[in-house]
$ cat run00.txt   # compact mmCIF, C-alpha atoms and all ligand atoms
# COMPACT_ATOMS: atom_id res chain seq x y z
CA MET A 1353 -156.28 180.97 -50.67
CA SER A 1354 -156.35 177.40 -51.89
CA ASP A 1355 -158.28 178.32 -55.04
CA ASP A 1356 -155.43 180.64 -55.98
CA ILE A 1357 -153.14 179.30 -58.71
CA LEU A 1358 -150.18 177.06 -57.90
CA ALA A 1359 -147.46 178.64 -55.78
CA CYS A 1360 -144.84 177.41 -58.22
CA LEU A 1361 -146.57 179.52 -60.89
CA GLY A 1362 -146.70 182.62 -58.75
CA GLY A 1363 -149.79 181.92 -56.64
CA GLN A 1364 -150.10 182.03 -52.88
CA ALA A 1365 -148.57 179.08 -51.00
CA VAL A 1366 -150.88 176.97 -48.80
CA ARG A 1367 -148.37 177.20 -45.96
CA THR A 1368 -146.54 180.43 -45.31
CA SER A 1369 -145.40 180.09 -41.69
CA PRO A 1370 -142.25 178.07 -40.94
CA TRP A 1371 -142.39 174.38 -40.05
CA PRO A 1372 -140.86 173.17 -36.78
CA ARG A 1373 -137.12 173.68 -36.89
CA TRP A 1374 -134.67 170.80 -37.07
CA PRO A 1375 -132.43 170.04 -35.33
CA ARG A 1376 -134.06 171.11 -32.09
CA VAL A 1377 -132.15 172.85 -29.32
CA THR A 1378 -133.19 172.88 -25.70
CA GLU A 1379 -131.77 174.59 -22.65
CA SER A 1380 -130.42 171.28 -21.37
CA THR A 1381 -128.59 170.69 -24.68
CA ARG A 1382 -127.01 174.13 -24.39
CA ARG A 1383 -125.94 173.40 -20.83
CA ALA A 1384 -124.44 170.04 -21.79
CA VAL A 1385 -122.44 171.54 -24.67
CA LEU A 1386 -121.18 174.37 -22.44
CA ASP A 1387 -120.25 171.81 -19.82
CA VAL A 1388 -117.99 170.08 -22.35
CA LEU A 1389 -116.60 173.39 -23.55
CA GLY A 1390 -115.65 174.38 -20.01
CA SER A 1391 -114.01 171.03 -19.31
CA THR A 1392 -110.65 169.72 -20.49
CA ARG A 1393 -112.22 166.57 -21.92
CA TRP A 1394 -113.34 167.18 -25.51
CA ALA A 1395 -112.74 163.68 -26.84
CA VAL A 1396 -112.55 160.01 -25.96
CA SER A 1397 -108.79 160.42 -26.42
CA GLY A 1398 -108.56 163.23 -23.83
CA ALA A 1399 -107.27 162.75 -20.30
CA PHE A 1400 -109.66 161.34 -17.69
CA ASP A 1401 -110.95 164.22 -15.56
CA GLY A 1402 -112.67 162.16 -12.90
CA ARG A 1403 -116.08 162.16 -14.62
CA VAL A 1404 -117.67 159.56 -16.84
CA SER A 1405 -117.27 160.86 -20.40
CA TYR A 1406 -120.38 161.90 -22.33
CA GLU A 1407 -119.36 159.32 -24.90
CA ARG A 1408 -119.63 156.48 -22.36
CA ARG A 1409 -122.84 157.92 -20.96
CA PHE A 1410 -124.41 158.09 -24.40
CA ALA A 1411 -123.16 154.60 -25.30
CA GLU A 1412 -124.74 153.18 -22.17
CA ALA A 1413 -128.01 155.06 -22.62
CA PHE A 1414 -128.28 154.03 -26.27
CA ALA A 1415 -127.56 150.37 -25.44
CA THR A 1416 -130.12 150.44 -22.62
CA PHE A 1417 -132.69 152.09 -24.88
CA HIS A 1418 -132.34 149.07 -27.17
CA GLY A 1419 -132.11 146.46 -24.43
CA VAL A 1420 -128.66 145.28 -25.54
CA PRO A 1421 -125.44 145.25 -23.53
CA PHE A 1422 -123.12 147.03 -25.98
CA CYS A 1423 -122.90 150.22 -28.04
CA THR A 1424 -119.92 151.75 -29.81
CA PRO A 1425 -120.53 155.36 -30.89
CA THR A 1426 -118.86 156.39 -34.15
CA ALA A 1427 -118.14 159.51 -36.17
CA SER A 1428 -120.88 158.78 -38.73
CA GLY A 1429 -123.32 156.22 -40.05
CA THR A 1430 -120.85 155.39 -42.79
CA THR A 1431 -118.14 154.55 -40.28
CA ALA A 1432 -120.66 152.59 -38.19
CA LEU A 1433 -121.35 150.40 -41.25
CA THR A 1434 -117.64 150.20 -42.04
CA ILE A 1435 -116.55 148.91 -38.62
CA ALA A 1436 -119.59 146.62 -38.42
CA LEU A 1437 -118.48 144.93 -41.65
CA GLN A 1438 -114.88 144.78 -40.44
CA ALA A 1439 -115.84 143.42 -37.03
CA LEU A 1440 -117.69 140.62 -38.83
CA GLY A 1441 -114.54 139.88 -40.82
CA ILE A 1442 -116.05 140.88 -44.16
CA GLY A 1443 -113.61 141.91 -46.86
CA ARG A 1444 -111.94 140.85 -50.08
CA GLY A 1445 -113.73 138.04 -51.91
CA ASP A 1446 -117.00 138.55 -50.06
CA GLU A 1447 -120.34 139.75 -51.36
CA VAL A 1448 -122.85 141.69 -49.27
CA LEU A 1449 -126.51 142.02 -50.22
CA VAL A 1450 -127.56 145.70 -50.24
CA PRO A 1451 -131.00 147.03 -51.18
CA GLY A 1452 -131.14 148.70 -54.58
CA LEU A 1453 -132.99 151.63 -53.03
CA THR A 1454 -131.19 153.37 -50.18
CA TRP A 1455 -128.61 156.03 -49.47
CA VAL A 1456 -125.35 155.41 -51.36
CA ALA A 1457 -123.30 154.97 -48.15
CA CYS A 1458 -124.70 151.44 -47.75
CA ALA A 1459 -123.00 150.35 -50.96
CA SER A 1460 -119.88 152.51 -50.63
CA ALA A 1461 -119.21 151.17 -47.11
CA VAL A 1462 -119.25 147.64 -48.51
CA TRP A 1463 -116.74 148.25 -51.26
CA SER A 1464 -114.59 150.39 -48.97
CA VAL A 1465 -113.80 147.24 -46.95
CA GLY A 1466 -112.95 145.38 -50.17
CA ALA A 1467 -116.21 143.46 -50.57
CA VAL A 1468 -118.69 143.60 -53.47
CA PRO A 1469 -122.13 145.15 -52.90
CA VAL A 1470 -124.79 143.04 -54.61
CA LEU A 1471 -127.81 145.24 -55.28
CA VAL A 1472 -131.12 143.56 -54.52
CA ASP A 1473 -134.51 144.80 -55.70
CA ILE A 1474 -137.17 145.99 -53.27
CA ASP A 1475 -140.53 144.84 -52.05
CA PRO A 1476 -142.93 147.35 -53.67
CA ALA A 1477 -145.16 147.40 -50.57
CA THR A 1478 -142.47 148.67 -48.20
CA LEU A 1479 -139.65 149.89 -50.48
CA THR A 1480 -137.25 147.80 -48.36
CA MET A 1481 -135.20 144.86 -49.61
CA SER A 1482 -137.26 142.00 -51.03
CA PRO A 1483 -136.56 138.76 -49.12
CA GLU A 1484 -137.34 136.70 -52.25
CA ALA A 1485 -134.97 138.74 -54.41
CA ALA A 1486 -132.35 138.51 -51.65
CA ALA A 1487 -132.61 134.71 -51.51
CA ALA A 1488 -132.22 134.59 -55.27
CA ALA A 1489 -129.14 136.83 -55.14
CA CYS A 1490 -127.23 134.65 -52.65
CA THR A 1491 -124.10 132.90 -53.90
CA GLU A 1492 -121.38 130.97 -52.09
CA ARG A 1493 -119.56 134.30 -51.71
CA THR A 1494 -122.43 136.03 -49.88
CA ALA A 1495 -121.09 136.90 -46.43
CA ALA A 1496 -123.79 139.19 -45.06
CA ILE A 1497 -127.18 140.78 -45.67
CA LEU A 1498 -127.35 144.52 -45.07
CA VAL A 1499 -131.02 145.39 -44.62
CA VAL A 1500 -132.12 149.01 -44.44
CA HIS A 1501 -135.22 150.20 -42.60
CA LEU A 1502 -136.02 152.87 -45.12
CA PHE A 1503 -138.04 156.10 -44.71
CA CYS A 1504 -140.83 154.82 -42.44
CA GLN A 1505 -140.76 151.07 -42.92
CA VAL A 1506 -138.98 148.13 -41.38
CA ALA A 1507 -137.53 145.42 -43.61
CA ASP A 1508 -139.10 141.97 -43.13
CA LEU A 1509 -136.90 140.97 -40.20
CA ASP A 1510 -138.51 137.52 -39.82
CA ALA A 1511 -137.71 136.60 -43.40
CA PHE A 1512 -134.20 138.06 -43.28
CA THR A 1513 -133.39 136.41 -39.95
CA ASP A 1514 -134.45 133.08 -41.47
CA LEU A 1515 -132.44 133.67 -44.63
CA ALA A 1516 -129.31 134.67 -42.69
CA ASN A 1517 -129.65 131.62 -40.42
CA LEU A 1518 -130.30 129.30 -43.34
CA ARG A 1519 -127.12 130.43 -45.07
CA GLY A 1520 -125.09 130.85 -41.90
CA ILE A 1521 -124.29 134.49 -42.67
CA ALA A 1522 -124.59 137.72 -40.71
CA LEU A 1523 -127.59 140.03 -40.74
CA ILE A 1524 -126.64 143.70 -40.46
CA GLU A 1525 -129.41 146.21 -39.79
CA ASP A 1526 -128.97 149.76 -41.08
CA CYS A 1527 -131.23 151.78 -38.77
CA ALA A 1528 -130.01 155.21 -39.91
CA GLN A 1529 -133.62 156.12 -40.75
CA ALA A 1530 -135.45 154.24 -38.02
CA HIS A 1531 -134.32 155.31 -34.54
CA GLY A 1532 -136.83 153.85 -32.09
CA ALA A 1533 -138.80 151.63 -34.49
CA ARG A 1534 -139.82 148.19 -33.27
CA TRP A 1535 -140.52 144.89 -35.02
CA LEU A 1536 -142.69 142.54 -32.93
CA ALA A 1537 -142.04 144.81 -29.96
CA ARG A 1538 -138.26 144.46 -30.25
CA PRO A 1539 -136.23 147.52 -31.29
CA VAL A 1540 -134.72 147.54 -34.76
CA GLY A 1541 -130.98 147.08 -34.59
CA THR A 1542 -131.29 144.13 -32.19
CA HIS A 1543 -132.52 141.48 -34.62
CA GLY A 1544 -129.26 140.82 -36.45
CA ALA A 1545 -125.62 140.56 -35.43
CA VAL A 1546 -125.22 144.35 -35.36
CA GLY A 1547 -127.42 147.42 -35.70
CA CYS A 1548 -125.88 150.52 -37.33
CA PHE A 1549 -127.15 154.06 -36.84
CA SER A 1550 -126.38 157.48 -38.30
CA MET A 1551 -126.80 160.67 -36.29
CA GLN A 1552 -126.17 162.97 -39.23
CA GLN A 1553 -128.02 166.30 -39.32
CA SER A 1554 -131.17 165.05 -41.05
CA LYS A 1555 -131.72 161.95 -38.88
CA LEU A 1556 -134.30 161.43 -36.11
CA LEU A 1557 -131.53 161.63 -33.50
CA THR A 1558 -128.66 163.91 -34.42
CA SER A 1559 -125.44 165.59 -33.39
CA GLY A 1560 -124.75 167.05 -36.83
CA GLU A 1561 -122.50 164.13 -37.63
CA GLY A 1562 -122.36 160.92 -35.66
CA GLY A 1563 -123.23 157.24 -35.56
CA ALA A 1564 -123.31 154.10 -33.45
CA VAL A 1565 -123.20 150.33 -33.66
CA ILE A 1566 -125.13 148.22 -31.17
CA THR A 1567 -124.69 144.53 -30.53
CA ALA A 1568 -125.35 141.78 -27.99
CA ASP A 1569 -122.16 139.95 -29.00
CA GLU A 1570 -119.24 140.70 -26.70
CA ARG A 1571 -116.63 139.42 -29.14
CA LEU A 1572 -117.92 141.75 -31.85
CA TYR A 1573 -118.09 144.61 -29.37
CA ASN A 1574 -114.45 144.12 -28.42
CA ARG A 1575 -113.50 144.43 -32.10
CA LEU A 1576 -115.86 147.37 -32.72
CA GLU A 1577 -114.34 149.35 -29.86
CA GLN A 1578 -110.83 148.87 -31.22
CA LEU A 1579 -111.78 149.37 -34.87
CA ARG A 1580 -113.08 152.86 -34.17
CA CYS A 1581 -110.29 153.99 -31.81
CA ASP A 1582 -106.94 153.08 -33.40
CA GLY A 1583 -106.94 149.69 -31.68
CA ARG A 1584 -107.59 151.08 -28.20
CA ARG A 1585 -110.31 150.29 -25.68
CA PHE A 1586 -111.59 151.87 -22.50
CA SER A 1587 -109.86 150.84 -19.31
CA THR A 1588 -112.09 149.76 -16.44
CA GLU A 1589 -109.82 151.56 -13.95
CA PRO A 1590 -108.98 154.98 -15.36
CA SER A 1591 -106.57 157.22 -13.46
CA LEU A 1592 -106.94 160.96 -13.17
CA GLY A 1593 -105.04 163.02 -15.71
CA ARG A 1594 -104.20 160.01 -17.90
CA LEU A 1595 -105.78 158.58 -21.01
CA GLU A 1596 -108.70 156.30 -20.34
CA LEU A 1597 -107.67 154.16 -23.31
CA LEU A 1598 -105.64 150.99 -23.23
CA GLU A 1599 -103.59 149.99 -26.26
CA VAL A 1600 -104.84 146.56 -27.28
CA GLY A 1601 -104.32 146.17 -31.02
CA ASP A 1602 -106.14 142.88 -31.65
CA VAL A 1603 -107.33 144.43 -34.90
CA GLN A 1604 -106.12 147.32 -37.05
CA GLY A 1605 -108.25 150.24 -35.93
CA ARG A 1606 -108.62 153.76 -37.25
CA ASN A 1607 -109.99 156.88 -35.62
CA PHE A 1608 -113.76 157.03 -36.06
CA CYS A 1609 -114.55 158.49 -32.64
CA LEU A 1610 -117.33 160.88 -31.74
CA SER A 1611 -116.32 164.07 -29.87
CA GLU A 1612 -117.61 164.88 -26.39
CA PHE A 1613 -119.66 167.75 -27.84
CA GLN A 1614 -121.50 165.38 -30.13
CA ALA A 1615 -121.95 162.76 -27.43
CA ALA A 1616 -123.44 165.38 -25.09
CA VAL A 1617 -125.92 166.48 -27.77
CA LEU A 1618 -126.90 162.86 -28.45
CA ALA A 1619 -127.37 161.98 -24.79
CA GLU A 1620 -129.79 164.92 -24.52
CA GLY A 1621 -131.54 164.18 -27.81
CA LEU A 1622 -132.14 160.56 -26.88
CA THR A 1623 -134.32 161.63 -23.94
CA ARG A 1624 -136.68 163.32 -26.43
CA LEU A 1625 -136.69 160.74 -29.23
CA GLU A 1626 -139.71 158.73 -28.13
CA GLY A 1627 -141.83 161.80 -27.48
CA GLN A 1628 -141.00 163.12 -30.95
CA ASN A 1629 -141.70 159.73 -32.52
CA ALA A 1630 -145.12 159.73 -30.83
CA THR A 1631 -145.92 163.23 -32.12
CA ARG A 1632 -145.00 162.24 -35.66
CA THR A 1633 -147.10 159.08 -35.45
CA ARG A 1634 -150.12 161.05 -34.24
CA ASN A 1635 -149.77 163.52 -37.09
CA VAL A 1636 -149.29 160.80 -39.70
CA ASN A 1637 -152.41 158.99 -38.48
CA ASN A 1638 -154.33 162.23 -38.83
CA LEU A 1639 -153.00 162.90 -42.29
CA ALA A 1640 -153.69 159.31 -43.40
CA ALA A 1641 -157.32 159.68 -42.30
CA MET A 1642 -157.63 162.91 -44.31
CA LEU A 1643 -156.09 161.33 -47.42
CA ASP A 1644 -158.46 158.37 -47.15
CA GLN A 1645 -161.29 160.82 -47.92
CA SER A 1646 -159.99 161.44 -51.43
CA GLU A 1647 -158.18 159.74 -54.28
CA GLY A 1648 -154.79 160.23 -55.79
CA VAL A 1649 -152.41 159.90 -52.84
CA ARG A 1650 -151.96 157.10 -50.31
CA ILE A 1651 -149.76 156.52 -47.31
CA PRO A 1652 -148.76 152.85 -47.69
CA PRO A 1653 -149.60 150.97 -44.47
CA ALA A 1654 -146.85 149.37 -42.40
CA ASP A 1655 -146.54 145.62 -41.98
CA ARG A 1656 -148.57 144.69 -38.89
CA ARG A 1657 -145.43 143.23 -37.32
CA VAL A 1658 -144.07 146.80 -37.09
CA THR A 1659 -145.27 147.51 -33.57
CA THR A 1660 -143.68 150.97 -33.41
CA GLN A 1661 -143.48 152.74 -36.75
CA THR A 1662 -141.17 155.75 -37.05
CA PHE A 1663 -141.04 158.44 -39.70
CA TYR A 1664 -137.74 159.71 -41.05
CA GLY A 1665 -139.56 160.35 -44.31
CA LEU A 1666 -143.27 159.78 -44.76
CA VAL A 1667 -143.77 157.96 -48.05
CA LEU A 1668 -146.62 159.20 -50.23
CA ARG A 1669 -147.63 157.00 -53.14
CA PHE A 1670 -149.25 158.83 -56.03
CA ASP A 1671 -151.71 157.72 -58.64
CA LEU A 1672 -150.26 160.11 -61.19
CA GLU A 1673 -153.07 159.43 -63.66
CA LEU A 1674 -155.15 161.55 -61.31
CA PHE A 1675 -152.46 164.27 -61.50
CA ALA A 1676 -152.94 164.68 -65.26
CA GLY A 1677 -150.08 162.25 -65.87
CA ALA A 1678 -147.52 164.73 -64.50
CA SER A 1679 -144.16 163.33 -63.42
CA ILE A 1680 -143.44 162.66 -59.74
CA ASP A 1681 -140.64 165.24 -59.95
CA ALA A 1682 -143.03 167.95 -61.16
CA VAL A 1683 -145.64 167.06 -58.54
CA ALA A 1684 -143.00 167.05 -55.77
CA ARG A 1685 -141.71 170.47 -56.88
CA ALA A 1686 -145.22 171.91 -56.89
CA LEU A 1687 -145.90 170.51 -53.42
CA SER A 1688 -142.60 171.90 -52.15
CA SER A 1689 -143.70 175.36 -53.31
CA GLU A 1690 -147.16 175.03 -51.73
CA LEU A 1691 -145.77 173.85 -48.42
CA ARG A 1692 -142.51 175.82 -48.35
CA THR A 1693 -140.53 172.73 -47.46
CA SER A 1694 -138.85 170.07 -49.55
CA ILE A 1695 -141.04 167.23 -50.68
CA ASN A 1696 -138.62 164.94 -52.50
CA PRO A 1697 -139.06 162.07 -54.90
CA ILE A 1698 -137.38 158.98 -53.40
CA TYR A 1699 -133.77 157.99 -54.17
CA GLU A 1700 -132.63 157.10 -57.64
CA PRO A 1701 -132.12 153.32 -57.73
CA LEU A 1702 -128.51 152.52 -56.85
CA ASN A 1703 -127.72 150.88 -60.20
CA ARG A 1704 -127.89 154.35 -61.75
CA HIS A 1705 -127.41 156.68 -58.80
CA PRO A 1706 -125.08 159.53 -59.78
CA LEU A 1707 -123.18 159.32 -56.47
CA LEU A 1708 -122.41 155.62 -56.66
CA CYS A 1709 -119.40 155.38 -58.95
CA PRO A 1710 -116.97 152.80 -57.52
CA LEU A 1711 -115.31 152.38 -60.90
CA ASN A 1712 -113.94 155.91 -60.56
CA ALA A 1713 -111.94 154.95 -57.48
CA PRO A 1714 -108.46 153.61 -58.23
CA ARG A 1715 -108.48 149.82 -57.87
CA GLY A 1716 -104.98 148.96 -59.02
CA ASP A 1717 -104.89 146.01 -56.64
CA MET A 1718 -107.92 144.32 -58.22
CA ALA A 1719 -108.06 142.09 -61.26
CA GLN A 1720 -110.41 143.26 -64.03
CA PRO A 1721 -113.12 140.61 -63.50
CA GLU A 1722 -113.29 141.68 -59.88
CA VAL A 1723 -113.50 145.37 -60.83
CA ASP A 1724 -116.33 144.52 -63.26
CA ARG A 1725 -118.32 143.02 -60.41
CA LEU A 1726 -118.29 146.40 -58.67
CA ASP A 1727 -120.18 148.01 -61.55
CA PRO A 1728 -123.63 148.94 -60.17
CA ARG A 1729 -125.07 148.99 -63.69
CA ARG A 1730 -124.93 145.21 -63.91
CA PHE A 1731 -128.01 144.96 -61.66
CA ASP A 1732 -131.66 145.14 -62.66
CA LEU A 1733 -134.01 146.89 -60.22
CA PRO A 1734 -137.48 147.13 -61.81
CA ALA A 1735 -139.40 147.48 -58.54
CA ALA A 1736 -137.08 150.27 -57.34
CA GLU A 1737 -137.54 152.01 -60.72
CA ASP A 1738 -141.28 151.71 -60.44
CA ALA A 1739 -141.29 153.15 -56.92
CA ARG A 1740 -139.07 156.02 -58.07
CA ARG A 1741 -141.76 156.98 -60.61
CA THR A 1742 -144.62 157.09 -58.10
CA CYS A 1743 -143.34 157.90 -54.60
CA ALA A 1744 -142.25 161.03 -52.77
CA THR A 1745 -141.45 161.71 -49.12
CA ILE A 1746 -142.31 164.35 -46.57
CA THR A 1747 -139.40 165.01 -44.21
CA HIS A 1748 -139.86 164.52 -40.48
CA PRO A 1749 -139.73 168.13 -39.20
CA VAL A 1750 -143.08 168.70 -40.96
CA LEU A 1751 -144.49 165.79 -38.97
CA LEU A 1752 -143.65 167.55 -35.70
CA ASP A 1753 -146.25 170.23 -36.55
CA THR A 1754 -149.90 170.23 -35.50
CA GLU A 1755 -153.21 169.03 -36.93
CA ILE A 1756 -153.42 172.35 -38.75
CA GLY A 1757 -150.16 171.57 -40.50
CA MET A 1758 -151.42 168.15 -41.54
CA ALA A 1759 -154.60 169.72 -42.91
CA GLN A 1760 -152.39 172.05 -44.94
CA VAL A 1761 -150.47 169.08 -46.34
CA ALA A 1762 -153.76 167.49 -47.41
CA GLU A 1763 -154.93 170.82 -48.85
CA ALA A 1764 -151.69 171.23 -50.83
CA LEU A 1765 -152.07 167.74 -52.26
CA ALA A 1766 -155.64 168.49 -53.33
CA LYS A 1767 -154.63 171.83 -54.82
CA VAL A 1768 -151.75 170.37 -56.82
CA ARG A 1769 -154.03 167.64 -58.10
CA ARG A 1770 -156.65 170.24 -59.12
CA TYR A 1771 -154.13 172.23 -61.15
CA ALA A 1772 -151.97 169.30 -62.26
CA LYS A 1773 -152.53 170.07 -65.94
CA LEU A 1774 -150.44 173.22 -65.53
CA LEU A 1775 -147.43 171.37 -64.17
CA CYS A 1776 -145.73 171.03 -67.52
CA ALA A 1777 -145.07 174.79 -67.25
CA VAL A 1778 -142.99 174.36 -64.09
CA GLN A 1779 -139.27 174.83 -64.61
CA PRO A 1780 -137.14 172.12 -63.04
CA LEU A 1781 -134.93 173.21 -60.15
CA VAL A 1782 -131.27 172.53 -60.71
CA ASN A 1783 -130.55 171.43 -57.16
CA ARG A 1784 -132.60 169.64 -54.57
CA GLN A 1785 -133.25 171.51 -51.38
CA ALA A 1786 -131.78 170.32 -48.11
CA PHE A 1787 -132.87 166.93 -46.74
C1 LIG A 1801 -127.67 158.65 -43.53
C2 LIG A 1801 -127.56 157.23 -43.90
C3 LIG A 1801 -126.33 156.55 -43.88
C4 LIG A 1801 -125.02 157.23 -43.70
O1 LIG A 1801 -124.87 157.94 -42.54
P1 LIG A 1801 -123.82 159.15 -42.45
O2 LIG A 1801 -123.90 159.52 -41.01
O3 LIG A 1801 -124.29 160.22 -43.37
O4 LIG A 1801 -122.49 158.61 -42.82
C5 LIG A 1801 -126.33 155.19 -44.13
N1 LIG A 1801 -127.48 154.53 -44.41
C6 LIG A 1801 -128.66 155.15 -44.46
C7 LIG A 1801 -129.89 154.36 -44.76
C8 LIG A 1801 -128.75 156.52 -44.23
O5 LIG A 1801 -129.93 157.14 -44.31
$ encode --input "run00.txt" --output "structure tokens"
Amino acid sequence: MSDDILACLGGQAVRTSPWPRWPRVTESTRRAVLDVLGSTRWAVSGAFDGRVSYERRFAEAFATFHGVPFCTPTASGTTALTIALQALGIGRGDEVLVPGLTWVACASAVWSVGAVPVLVDIDPATLTMSPEAAAAACTERTAAILVVHLFCQVADLDAFTDLANLRGIALIEDCAQAHGARWLARPVGTHGAVGCFSMQQSKLLTSGEGGAVITADERLYNRLEQLRCDGRRFSTEPSLGRLELLEVGDVQGRNFCLSEFQAAVLAEGLTRLEGQNATRTRNVNNLAAMLDQSEGVRIPPADRRVTTQTFYGLVLRFDLELFAGASIDAVARALSSELRTSINPIYEPLNRHPLLCPLNAPRGDMAQPEVDRLDPRRFDLPAAEDARRTCATITHPVLLDTEIGMAQVAEALAKVRRYAKLLCAVQPLVNRQAF
């Protein structure tokens, strides 16, 4: 089959059977969701029915998983970032360092609390924020560093911890793509002041939508709890038939709570996370060994301080000269057709990302010089641009397959390389596929 012409030109695809489905559903997940459905407690803000809510159970399990005392579940990763920034007191007049290559929510969360996202270029080896570029971007307004553990890498937490300590500012870890990863044996999310997670559909742990903030700081936790629940907190002595929430109001909260359905799905999913992470690691190791046999595509190695690597997206780095000089977009489209899944080029750098347009939001309360500082185009991100030209990712459901699946990935890469000259004939797709 593999000597057939490219699937995107009408040939036979290398992979025709479906990849493992995502999200996964198990009998115990079904039971947990039905349990919520049959109860009268569908939300944190429902009356206490005598049982510990799924939300509290998940919060405790997620905190324990990370070896920290506190976890506040939230409605999304975006709201996790938002309340983390607010809990730290970050707002008007502050700057927050954000990597120039990440999902747009990292930057939009920062300006949504009134602060200015300062886009920092990446380390080409890991695609995460460059500590040197971050140090150079610090000003007296810099109030926090928001590092993102992107795709399958962990940002240099030693360097960023040092930088945050040196400047006396907070380190925020965005772990939306790294559930279960560890740096020097310690889970990501526990190295800075707060760790923020997303449990959106595509993530390694998911309830469709969802998020969480973890911390070891009780003062921050007290604020986080109130910020996501209209200023209320859980009572330690709930009474039957009444709300479990006490009205505190130390800070102005809003409602960013997770429902009981979502919390039940997350509590179940968490019990399978490490097993799934191990399966993906085994498959990636296999694939890396196969790719080492040939030229043209490499899986960049992790920093040796990453003691548990996780794979939200497996980064493939291409030597496109060996693909007849085709563009990464054309190669990724051809691979997607061969493998019947979406192989995507990495994000557009944030200084020109079509979804990051803060200047379109009304800012009547801001003076013009301040508005100008929100313009993402004022930043230069050459390393992020360079990575965008040469890297693509394989999404994690593929990595839950078997050795046969990994051999098919390697075969598809070889096939696309063999026929790369034909890629100029491939019509661009208008829309990206899911993921
Ligand atoms: C998904 C994601 C977010 C946002 O999470 P949502 O749950 O979609 O709001 C933030 N940061 C990163 C790195 C992400 O991948």
$ residues_near_ligand --input "run00.txt" --ligand "ligand LIG 1801 (chain A)" --cutoff "10 Å" --atoms "only C-alpha atoms and all ligand atoms" --output "PyMOL selection string"
chain A and resi 1426-1434+1451+1453-1461+1499-1503+1525-1530+1548-1555+1558-1564+1664
$ residues_near_point --input "run00.txt" --point "(-129.9, 141.9, -25.1)" --cutoff "12 Å" --atoms "all atoms listed in the file" --output "list in words"
Ala1415, Thr1416, Phe1417, His1418, Gly1419, Val1420, Pro1421, Phe1422, Cys1423, Arg1538, Pro1539, Gly1541, Thr1542, His1543, Gly1544, Ala1545, Val1546, Ile1566, Thr1567, Ala1568, Asp1569 and Glu1570 of chain A
$ residues_around --input "run00.txt" --residues "A:Asn1607" --least-positions-apart "2" --cutoff "7 Å" --atoms "all atoms listed in the file" --output "count of residues only"
5
$ closest_atom_pairs --input "run00.txt" --of "stretch 1628-1675 of chain A" --to "stretch 1680-1696 of chain A" --cutoff "10 Å" --atoms "all atoms listed in the file" --output "CSV"
residue,atom,partner,partner_atom,distance
A:Gly1665,CA,A:Asn1696,CA,9.4
A:Leu1666,CA,A:Ile1695,CA,9.8
A:Val1667,CA,A:Asn1696,CA,9.7
A:Leu1668,CA,A:Ile1695,CA,9.8
A:Arg1669,CA,A:Ile1680,CA,9.7
A:Phe1670,CA,A:Ile1680,CA,7.9
A:Asp1671,CA,A:Ile1680,CA,9.7
A:Leu1672,CA,A:Ile1680,CA,7.4
A:Phe1675,CA,A:Val1683,CA,7.9
$ closest_residue --input "run00.txt" --among "A:Leu1536, A:Leu1765, A:Ala1676, A:Leu1618" --to "A:Val1649" --atoms "all atoms listed in the file"
A:Leu1765
$ closest_residue --input "run00.txt" --among "A:Pro1370, A:Gly1532, A:Pro1697, A:Gly1547" --to "A:Ala1630" --atoms "only C-alpha atoms"
A:Gly1532
$ residues_around --input "run00.txt" --residues "A:Ala1496" --least-positions-apart "2" --cutoff "12 Å" --atoms "all atoms listed in the file" --output "MDAnalysis selection string"
chainID A and resid 1436:1438 1440:1443 1446:1450 1462 1467:1470 1486:1487 1489:1494 1498:1499 1512:1513 1515:1525 1544:1546
$ closest_residue --input "run00.txt" --among "A:Glu1620, A:Glu1412, A:Glu1755, A:Asp1475" --to "A:Leu1557" --atoms "all atoms listed in the file"
A:Glu1620
$ build_atoms --input "run00.txt" --residues "stretch 1373-1380 of chain A" --atoms "N, CA and C atoms" --output "PDB file, in the coordinates of the input"
ATOM      1  N   ARG A1373    -138.523 173.695 -36.464  1.00  0.00           N
ATOM      2  CA  ARG A1373    -137.120 173.680 -36.890  1.00  0.00           C
ATOM      3  C   ARG A1373    -136.485 172.328 -36.544  1.00  0.00           C
ATOM      4  N   TRP A1374    -135.460 171.995 -37.324  1.00  0.00           N
ATOM      5  CA  TRP A1374    -134.670 170.800 -37.070  1.00  0.00           C
ATOM      6  C   TRP A1374    -133.238 171.096 -37.420  1.00  0.00           C
ATOM      7  N   PRO A1375    -132.273 170.711 -36.614  1.00  0.00           N
ATOM      8  CA  PRO A1375    -132.430 170.040 -35.330  1.00  0.00           C
ATOM      9  C   PRO A1375    -132.974 170.972 -34.248  1.00  0.00           C
ATOM     10  N   ARG A1376    -133.497 170.346 -33.195  1.00  0.00           N
ATOM     11  CA  ARG A1376    -134.060 171.110 -32.090  1.00  0.00           C
ATOM     12  C   ARG A1376    -132.990 171.378 -31.032  1.00  0.00           C
ATOM     13  N   VAL A1377    -133.091 172.519 -30.388  1.00  0.00           N
ATOM     14  CA  VAL A1377    -132.150 172.850 -29.320  1.00  0.00           C
ATOM     15  C   VAL A1377    -132.954 173.133 -28.067  1.00  0.00           C
ATOM     16  N   THR A1378    -132.528 172.580 -26.962  1.00  0.00           N
ATOM     17  CA  THR A1378    -133.190 172.880 -25.700  1.00  0.00           C
ATOM     18  C   THR A1378    -132.153 173.473 -24.742  1.00  0.00           C
ATOM     19  N   GLU A1379    -132.657 174.017 -23.657  1.00  0.00           N
ATOM     20  CA  GLU A1379    -131.770 174.590 -22.650  1.00  0.00           C
ATOM     21  C   GLU A1379    -130.805 173.535 -22.130  1.00  0.00           C
ATOM     22  N   SER A1380    -131.305 172.316 -21.927  1.00  0.00           N
ATOM     23  CA  SER A1380    -130.420 171.280 -21.370  1.00  0.00           C
ATOM     24  C   SER A1380    -129.326 170.890 -22.374  1.00  0.00           C
TER      25      SER A1380
END
